[in-house]
file run_6.pdb (PDB, C-alpha atoms)
ATOM      1  CA  MET A   1       0.000   0.000   0.000
ATOM      2  CA  PRO A   2       1.395   3.440  -0.914
ATOM      3  CA  GLU A   3       2.541   5.629   1.926
ATOM      4  CA  VAL A   4       0.766   8.983   2.231
ATOM      5  CA  VAL A   5       2.901  11.963   3.141
ATOM      6  CA  GLU A   6       1.228  15.181   4.188
ATOM      7  CA  ILE A   7       2.855  18.307   2.791
ATOM      8  CA  PRO A   8       2.215  21.817   4.108
ATOM      9  CA  ILE A   9       0.278  23.842   1.531
ATOM     10  CA  GLU A  10       3.007  26.505   1.558
ATOM     11  CA  LEU A  11       5.488  23.966   0.204
ATOM     12  CA  THR A  12       3.347  23.342  -2.882
ATOM     13  CA  LYS A  13       3.910  26.980  -3.860
ATOM     14  CA  PHE A  14       7.700  26.739  -3.569
ATOM     15  CA  GLN A  15       9.680  27.285  -6.751
ATOM     16  CA  LEU A  16      13.341  27.124  -7.575
ATOM     17  CA  PRO A  17      14.933  30.515  -6.893
ATOM     18  CA  GLU A  18      15.696  32.394 -10.095
ATOM     19  CA  ALA A  19      19.475  32.073  -9.636
ATOM     20  CA  VAL A  20      19.189  28.295  -9.105
ATOM     21  CA  HIS A  21      17.009  27.937 -12.191
ATOM     22  CA  ALA A  22      19.510  30.041 -14.164
ATOM     23  CA  ARG A  23      22.384  27.818 -13.009
ATOM     24  CA  LEU A  24      20.523  24.679 -14.067
ATOM     25  CA  GLN A  25      19.726  26.218 -17.447
ATOM     26  CA  PHE A  26      23.387  27.225 -17.885
ATOM     27  CA  LEU A  27      24.583  23.680 -17.160
ATOM     28  CA  LEU A  28      22.027  22.159 -19.536
ATOM     29  CA  ASP A  29      22.872  24.683 -22.268
ATOM     30  CA  CYS A  30      26.585  23.888 -21.902
ATOM     31  CA  GLN A  31      25.877  20.195 -22.217
ATOM     32  CA  ASP A  32      23.586  20.748 -25.214
ATOM     33  CA  SER A  33      26.287  22.775 -26.983
ATOM     34  CA  GLY A  34      28.719  19.857 -26.767
ATOM     35  CA  HIS A  35      30.684  20.953 -23.683
ATOM     36  CA  THR A  36      31.559  18.023 -21.443
ATOM     37  CA  LEU A  37      30.512  18.783 -17.881
ATOM     38  CA  SER A  38      32.896  17.944 -15.061
ATOM     39  CA  GLN A  39      31.851  15.268 -12.598
ATOM     40  CA  ASN A  40      30.896  17.972 -10.071
ATOM     41  CA  GLU A  41      28.863  19.862 -12.680
ATOM     42  CA  THR A  42      27.107  16.662 -13.739
ATOM     43  CA  GLN A  43      26.218  15.840 -10.133
ATOM     44  CA  GLU A  44      25.052  19.425  -9.553
ATOM     45  CA  ALA A  45      22.875  19.358 -12.668
ATOM     46  CA  GLN A  46      21.382  15.972 -11.746
ATOM     47  CA  GLY A  47      20.598  17.167  -8.220
ATOM     48  CA  LEU A  48      18.888  20.294  -9.558
ATOM     49  CA  ILE A  49      16.918  18.238 -12.089
ATOM     50  CA  ASP A  50      15.794  15.848  -9.340
ATOM     51  CA  LEU A  51      14.701  18.796  -7.193
ATOM     52  CA  ALA A  52      12.839  20.435 -10.085
ATOM     53  CA  GLU A  53      11.050  17.153 -10.881
ATOM     54  CA  PHE A  54      10.072  16.696  -7.241
ATOM     55  CA  LEU A  55       8.698  20.238  -7.073
ATOM     56  CA  SER A  56       6.735  19.649 -10.271
ATOM     57  CA  LEU A  57       5.074  16.648  -8.607
ATOM     58  CA  LEU A  58       3.893  18.957  -5.828
ATOM     59  CA  PHE A  59       2.130  21.148  -8.389
ATOM     60  CA  CYS A  60       0.437  18.314 -10.258
ATOM     61  CA  ASP A  61      -3.256  17.731 -10.185
ATOM     62  CA  ARG A  62      -3.848  14.643  -8.057
ATOM     63  CA  ASN A  63      -5.455  12.642 -10.870
ATOM     64  CA  LYS A  64      -2.808  13.620 -13.405
ATOM     65  CA  CYS A  65      -0.001  12.579 -11.089
ATOM     66  CA  LYS A  66      -1.106   9.083 -10.134
ATOM     67  CA  SER A  67       0.794   7.423 -12.969
ATOM     68  CA  LEU A  68       3.712   9.850 -12.685
ATOM     69  CA  VAL A  69       4.173   9.199  -8.966
ATOM     70  CA  LYS A  70       4.206   5.439  -9.614
ATOM     71  CA  CYS A  71       7.122   5.954 -12.003
ATOM     72  CA  HIS A  72       9.247   7.935  -9.512
ATOM     73  CA  GLN A  73      10.583   6.189  -6.462
ATOM     74  CA  PHE A  74      11.759   8.791  -3.980
ATOM     75  CA  PRO A  75      13.776   7.436  -1.065
ATOM     76  CA  HIS A  76      12.053   7.596   2.284
ATOM     77  CA  PRO A  77      14.000   9.864   4.707
ATOM     78  CA  SER A  78      14.362   7.021   7.208
ATOM     79  CA  ALA A  79      15.890   4.734   4.546
ATOM     80  CA  ASP A  80      19.426   6.071   5.191
TER      81      ASP A  80
END
call {"tool": "encode", "arguments": {"input": "run_6.pdb", "output": "C-alpha coordinates"}}
result
Amino acid sequence: MPEVVEIPIELTKFQLPEAVHARLQFLLDCQDSGHTLSQNETQEAQGLIDLAEFLSLLFCDRNKCKSLVKCHQFPHPSAD
(Lines of atoms letter the chains of each structure in order from A and count residues from 1; the text may use other names and numbers.)
(Lines give C-alpha, C1' and ligand atoms only; values in the text may rest on other atoms or scores of the structure.)
Protein backbone atom coordinates (compact mmCIF):
# COMPACT_ATOMS: atom_id res chain seq x y z
CA MET A 1 0.00 0.00 0.00
CA PRO A 2 1.39 3.44 -0.91
CA GLU A 3 2.54 5.63 1.93
CA VAL A 4 0.77 8.98 2.23
CA VAL A 5 2.90 11.96 3.14
CA GLU A 6 1.23 15.18 4.19
CA ILE A 7 2.85 18.31 2.79
CA PRO A 8 2.21 21.82 4.11
CA ILE A 9 0.28 23.84 1.53
CA GLU A 10 3.01 26.50 1.56
CA LEU A 11 5.49 23.97 0.20
CA THR A 12 3.35 23.34 -2.88
CA LYS A 13 3.91 26.98 -3.86
CA PHE A 14 7.70 26.74 -3.57
CA GLN A 15 9.68 27.29 -6.75
CA LEU A 16 13.34 27.12 -7.57
CA PRO A 17 14.93 30.51 -6.89
CA GLU A 18 15.70 32.39 -10.09
CA ALA A 19 19.47 32.07 -9.64
CA VAL A 20 19.19 28.29 -9.11
CA HIS A 21 17.01 27.94 -12.19
CA ALA A 22 19.51 30.04 -14.16
CA ARG A 23 22.38 27.82 -13.01
CA LEU A 24 20.52 24.68 -14.07
CA GLN A 25 19.73 26.22 -17.45
CA PHE A 26 23.39 27.22 -17.89
CA LEU A 27 24.58 23.68 -17.16
CA LEU A 28 22.03 22.16 -19.54
CA ASP A 29 22.87 24.68 -22.27
CA CYS A 30 26.58 23.89 -21.90
CA GLN A 31 25.88 20.19 -22.22
CA ASP A 32 23.59 20.75 -25.21
CA SER A 33 26.29 22.77 -26.98
CA GLY A 34 28.72 19.86 -26.77
CA HIS A 35 30.68 20.95 -23.68
CA THR A 36 31.56 18.02 -21.44
CA LEU A 37 30.51 18.78 -17.88
CA SER A 38 32.90 17.94 -15.06
CA GLN A 39 31.85 15.27 -12.60
CA ASN A 40 30.90 17.97 -10.07
CA GLU A 41 28.86 19.86 -12.68
CA THR A 42 27.11 16.66 -13.74
CA GLN A 43 26.22 15.84 -10.13
CA GLU A 44 25.05 19.43 -9.55
CA ALA A 45 22.87 19.36 -12.67
CA GLN A 46 21.38 15.97 -11.75
CA GLY A 47 20.60 17.17 -8.22
CA LEU A 48 18.89 20.29 -9.56
CA ILE A 49 16.92 18.24 -12.09
CA ASP A 50 15.79 15.85 -9.34
CA LEU A 51 14.70 18.80 -7.19
CA ALA A 52 12.84 20.43 -10.09
CA GLU A 53 11.05 17.15 -10.88
CA PHE A 54 10.07 16.70 -7.24
CA LEU A 55 8.70 20.24 -7.07
CA SER A 56 6.74 19.65 -10.27
CA LEU A 57 5.07 16.65 -8.61
CA LEU A 58 3.89 18.96 -5.83
CA PHE A 59 2.13 21.15 -8.39
CA CYS A 60 0.44 18.31 -10.26
CA ASP A 61 -3.26 17.73 -10.18
CA ARG A 62 -3.85 14.64 -8.06
CA ASN A 63 -5.46 12.64 -10.87
CA LYS A 64 -2.81 13.62 -13.41
CA CYS A 65 0.00 12.58 -11.09
CA LYS A 66 -1.11 9.08 -10.13
CA SER A 67 0.79 7.42 -12.97
CA LEU A 68 3.71 9.85 -12.68
CA VAL A 69 4.17 9.20 -8.97
CA LYS A 70 4.21 5.44 -9.61
CA CYS A 71 7.12 5.95 -12.00
CA HIS A 72 9.25 7.93 -9.51
CA GLN A 73 10.58 6.19 -6.46
CA PHE A 74 11.76 8.79 -3.98
CA PRO A 75 13.78 7.44 -1.07
CA HIS A 76 12.05 7.60 2.28
CA PRO A 77 14.00 9.86 4.71
CA SER A 78 14.36 7.02 7.21
CA ALA A 79 15.89 4.73 4.55
CA ASP A 80 19.43 6.07 5.19
call {"tool": "resolve_selection", "arguments": {"input": "run_6.pdb", "expression": "the PyMOL selection byres ((chain A and resi 43-47) around 10)", "output": "ChimeraX atom specification"}}
result
/A:23-28,37-42,48-53
call {"tool": "closest_residue", "arguments": {"input": "run_6.pdb", "among": "A:Asp29, A:Lys13, A:Val20, A:His35", "to": "A:Cys60", "atoms": "only C-alpha atoms"}}
result
A:Lys13
call {"tool": "axis_aligned_box", "arguments": {"input": "run_6.pdb", "around": "stretch 12-29 of chain A", "padding_each_side": "4 Å", "output": "JSON"}}
result
{"center_x": 14.0, "center_y": 27.3, "center_z": -12.6, "size_x": 29.2, "size_y": 18.2, "size_z": 27.4}
call {"tool": "atom_distance", "arguments": {"input": "run_6.pdb", "atom1": "atom CA of A:Leu57", "atom2": "atom CA of A:Glu10"}}
result
14.3 Å
call {"tool": "atom_distance", "arguments": {"input": "run_6.pdb", "atom1": "atom CA of A:Phe59", "atom2": "atom CA of A:Phe14"}}
result
9.2 Å
call {"tool": "atom_distance", "arguments": {"input": "run_6.pdb", "atom1": "atom CA of A:Leu58", "atom2": "atom CA of A:Ile7"}}
result
8.7 Å
